[in-house]
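Read the structure below first, then the notes.
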Amino acid sequence: MADSDIKALTENLPPPDFENTAFTTPPPLAEATVAVVTTASLHHPDQEDFDPGDTTYRVLDGKRRDYVLGHWSPNFDDTGYAYDMNTVIPLDRLDELAERGVIGAVSDQHMAYAGNQFDLSTIKMDSGPAGAKWLRDQGVDVVLLTPV
Amino acid sequence: MSTLAHVFEAAGMSTIALGSIRKQIESTAAPRGLWCDFPLGRPLGKPGDPDFQQRVLKAAFALLDSPEPVITAFDESIPDDGEEMLACPLPPRHDPNAHPAIDEARGLRAAYDRGVEMSKGRIAAGRVVQADDIPAAIEAFIRIAEGTPWDEAGIPGLPMRVSQDVRGYYETAALAMVDHAPPAWAGIRWFLDATETGKILMAARKEMERQEAPQPMWFYLTPGDR
């Protein structure tokens, strides 16, 4: 069993269909509010776990740091995340960058979806835009997207 | 993940997508993508290494300077040789009347509890099977391995989710015992190849396939290349 073998199982999945690549020019990083959005199905213990094929999202409170890994796939290493959450959701690192003034601020709220989806239409048309609006309403300028 | 990048950009936010699979991040045309040749599950590369993680973030945020969509590669890879296994002690036999896998799981409980405290339960049991019920879940897989029809064996939930809880139980215990960040995949190799329960899970998977259980029910009990 090797990482390269697992990657080969998924590298040819059909890509999402977008006519154009949307592109937003960011404010200066030192003035930007940054959030992490992960597709690792992270959630707080008191939130509903992700179902298979779940297209909804969970809002993650940046102050709590009690994020449970809910991803259904067995095809990734999970011990790195167990040892250090920053391997997947690098909030401690973002705090350091904010303290140094490299980024403007770290968002108080972050977000998780479930990756490894085969039907992307709901995320594209419904829960994705809803999550985007929610983050935008929190003042988020820049999103770091992390998979597992 | 790239779908979200497109949607978020359209909503007025700038995104940087970290990707572990080069073909995927290239074919999905993320508006800003940083391909990091790191093992799956470790998008920031090295657990417990803040300097390395900051290097990844620096490379990621540098993409914000591009005036147009951009995909680039991080300058360091983390290879996986496909063989390294966690060196982790297993408890000695305690109850000669118990199945070796059950005895083993019970013997790991103290380490598991320490591991939950250390990792804040990030991958622990409990999604469908609580820690107290892990031995009973393993018993169900033992019955399957011994020939009981898979849907009569008493698996306490969807097999793939139950197996994740069992794997999480073992890996959480292992992290407490080794007290360092293991190389990627070394923990799952240890679980599947070195522990009694891992061997049972592999045998149950094989038996479920032989019994012609629906493919998702057995395939996702372990990583897909097993």
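Chain labels follow the order of the structure tokens: the first chain is A, the next B, and so on; residue numbering restarts at 1 in every chain, and ligands are counted from 1 in their shown order.
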Can you list, as a tab-separated table (two decimals) with C-alpha atoms, in the first residue's frame, all residues belonging to chain A that DSSP tags as alpha helix (DSSP H)?
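Result file is states.tsv:
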chain	number	residue	atom	x	y	z
A	3	ASP	CA	0.29	6.89	-1.24
A	4	SER	CA	0.93	6.94	-4.98
A	5	ASP	CA	-1.37	3.93	-5.49
A	6	ILE	CA	-4.21	5.64	-3.66
A	7	LYS	CA	-3.72	8.85	-5.62
A	8	ALA	CA	-3.84	6.89	-8.86
A	9	LEU	CA	-7.32	5.63	-7.91
A	10	THR	CA	-8.72	9.16	-7.90
A	79	THR	CA	-2.79	10.21	12.03
A	80	GLY	CA	-1.20	13.47	10.94
A	81	TYR	CA	-4.40	15.30	11.73
A	82	ALA	CA	-4.82	13.45	15.01
A	83	TYR	CA	-1.33	14.46	16.05
A	91	LEU	CA	-5.40	27.96	12.59
A	92	ASP	CA	-2.39	28.20	14.91
A	93	ARG	CA	-0.24	29.11	11.91
A	94	LEU	CA	-2.74	31.73	10.76
A	95	ASP	CA	-2.80	33.22	14.27
A	96	GLU	CA	0.98	33.55	14.07
A	97	LEU	CA	0.71	35.31	10.72
A	98	ALA	CA	-1.90	37.69	12.10
A	99	GLU	CA	0.27	38.48	15.11
A	121	SER	CA	-24.38	19.98	-8.72
A	122	THR	CA	-25.84	20.68	-5.27
A	128	GLY	CA	-21.59	26.20	-2.06
A	129	PRO	CA	-23.13	29.62	-2.74
A	130	ALA	CA	-24.88	29.52	0.66
A	131	GLY	CA	-21.59	28.86	2.44
A	132	ALA	CA	-19.88	31.54	0.39
A	133	LYS	CA	-22.51	34.10	1.33
A	134	TRP	CA	-22.23	33.15	4.98
A	135	LEU	CA	-18.45	33.62	4.95
A	136	ARG	CA	-18.69	36.84	2.98
A	137	ASP	CA	-21.17	38.16	5.54
Compile the residues of chain A that lie within 6 Å of chain B, evaluated using only C-alpha atoms, and express the compilation as a PDB file with C-alpha atoms, in the first residue's frame.
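selection-v3.pdb was written with the following content:
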ATOM      1  CA  MET A   1       0.000   0.000   0.000  1.00  0.00           C
ATOM      2  CA  ALA A   2       1.483   3.317  -1.075  1.00  0.00           C
ATOM      3  CA  ASP A   3       0.290   6.887  -1.240  1.00  0.00           C
ATOM      4  CA  GLU A  11      -6.570  11.331 -10.115  1.00  0.00           C
ATOM      5  CA  PRO A  15     -13.439  17.662 -13.235  1.00  0.00           C
ATOM      6  CA  ALA A  22     -14.031  32.869 -11.617  1.00  0.00           C
ATOM      7  CA  PHE A  23     -11.368  35.153 -10.225  1.00  0.00           C
ATOM      8  CA  THR A  24     -11.557  37.782  -7.493  1.00  0.00           C
ATOM      9  CA  PRO A  26      -7.953  40.159  -3.134  1.00  0.00           C
ATOM     10  CA  VAL A  68     -13.706  15.754  14.763  1.00  0.00           C
ATOM     11  CA  LEU A  69     -12.649  14.251  11.446  1.00  0.00           C
ATOM     12  CA  PRO A  74     -10.469   5.305   4.226  1.00  0.00           C
ATOM     13  CA  ASN A  75      -8.123   6.510   1.499  1.00  0.00           C
ATOM     14  CA  PHE A  76      -6.032   9.029   3.378  1.00  0.00           C
ATOM     15  CA  ASP A  77      -3.742   9.134   6.374  1.00  0.00           C
ATOM     16  CA  ASP A  78      -5.544  10.461   9.429  1.00  0.00           C
ATOM     17  CA  GLY A  80      -1.196  13.465  10.944  1.00  0.00           C
ATOM     18  CA  ALA A  82      -4.824  13.445  15.010  1.00  0.00           C
ATOM     19  CA  TYR A  83      -1.329  14.464  16.050  1.00  0.00           C
ATOM     20  CA  ASP A  84      -1.573  18.088  14.920  1.00  0.00           C
ATOM     21  CA  THR A  87      -1.860  19.519   9.300  1.00  0.00           C
ATOM     22  CA  VAL A  88      -5.383  20.065   7.925  1.00  0.00           C
ATOM     23  CA  ALA A 132     -19.875  31.539   0.392  1.00  0.00           C
ATOM     24  CA  ASP A 141     -11.769  38.134   2.036  1.00  0.00           C
ATOM     25  CA  VAL A 142      -9.483  35.154   1.470  1.00  0.00           C
ATOM     26  CA  VAL A 143     -10.246  31.439   1.790  1.00  0.00           C
ATOM     27  CA  LEU A 144      -7.593  28.765   2.160  1.00  0.00           C
ATOM     28  CA  LEU A 145      -9.041  25.480   0.893  1.00  0.00           C
ATOM     29  CA  THR A 146      -7.615  22.273   2.301  1.00  0.00           C
ATOM     30  CA  VAL A 148      -7.529  15.391   2.990  1.00  0.00           C
TER      31      VAL A 148
END
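If you look at atom CA of A:Pro52 and atom CA of A:Ala114, they are 8.4 Å away from each other.
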- prompt: Running DSSP on the backbone, which parts of chain A land in strand (DSSP E or B), as an NGL selection string?
  reply: :A and (33-38 or 40 or 43 or 58-61 or 68 or 105-106 or 109-112 or 114 or 142-146)
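All residues of protein, DNA or RNA that reach within 6 Å of A:Tyr67, judged by only C-alpha atoms and not counting those fewer than 2 positions away in the chain, are Leu42, His43, His44 and Arg65 of chain A.
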Written file, previous selection with C-alpha atoms, as a PDB file, in the first residue's frame:
ATOM      1  CA  LEU A  42     -14.612  18.417  10.223  1.00  0.00           C
ATOM      2  CA  HIS A  43     -17.310  19.143  12.759  1.00  0.00           C
ATOM      3  CA  HIS A  44     -17.698  19.862  16.432  1.00  0.00           C
ATOM      4  CA  ARG A  65     -10.530  23.757  18.216  1.00  0.00           C
TER       5      ARG A  65
END
- prompt: Leaving out stretch 99-103 of chain B and any residue of its chain fewer than 4 positions from it, which residues lie within 10 Å of it when counting only C-alpha atoms, given as a ChimeraX atom specification?
  reply: /B:91-95,107-108,134-139,142,195-200
Written file, previous selection with C-alpha atoms, as a PDB file, in the first residue's frame:
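out.pdb, written as the output of this step:
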ATOM      1  CA  PRO B  91      -0.441  -5.678  24.663  1.00  0.00           C
ATOM      2  CA  PRO B  92       0.433  -9.223  25.742  1.00  0.00           C
ATOM      3  CA  ARG B  93      -2.299 -11.829  25.878  1.00  0.00           C
ATOM      4  CA  HIS B  94      -4.372 -11.355  29.007  1.00  0.00           C
ATOM      5  CA  ASP B  95      -7.513 -13.447  28.664  1.00  0.00           C
ATOM      6  CA  GLY B 107      -5.654  -4.308  26.247  1.00  0.00           C
ATOM      7  CA  LEU B 108      -5.327  -1.072  24.291  1.00  0.00           C
ATOM      8  CA  ILE B 134     -15.388  -1.516  20.040  1.00  0.00           C
ATOM      9  CA  PRO B 135     -14.837  -5.149  21.167  1.00  0.00           C
ATOM     10  CA  ALA B 136     -18.428  -5.985  20.240  1.00  0.00           C
ATOM     11  CA  ALA B 137     -17.951  -4.390  16.825  1.00  0.00           C
ATOM     12  CA  ILE B 138     -14.808  -6.459  16.312  1.00  0.00           C
ATOM     13  CA  GLU B 139     -16.784  -9.574  17.280  1.00  0.00           C
ATOM     14  CA  ILE B 142     -14.866 -12.016  13.485  1.00  0.00           C
ATOM     15  CA  THR B 195      -2.638  -6.153  14.762  1.00  0.00           C
ATOM     16  CA  GLU B 196      -5.010  -9.062  15.248  1.00  0.00           C
ATOM     17  CA  THR B 197      -7.998  -6.835  14.607  1.00  0.00           C
ATOM     18  CA  GLY B 198      -6.521  -5.514  11.387  1.00  0.00           C
ATOM     19  CA  LYS B 199      -6.084  -9.050  10.134  1.00  0.00           C
ATOM     20  CA  ILE B 200      -9.693  -9.828  11.072  1.00  0.00           C
TER      21      ILE B 200
END
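Among the candidate residues A:Gly62, A:Ser107, A:Asn86, A:Thr55, the one lying nearest to A:Asp126 is A:Thr55, with distances computed using only C-alpha atoms.
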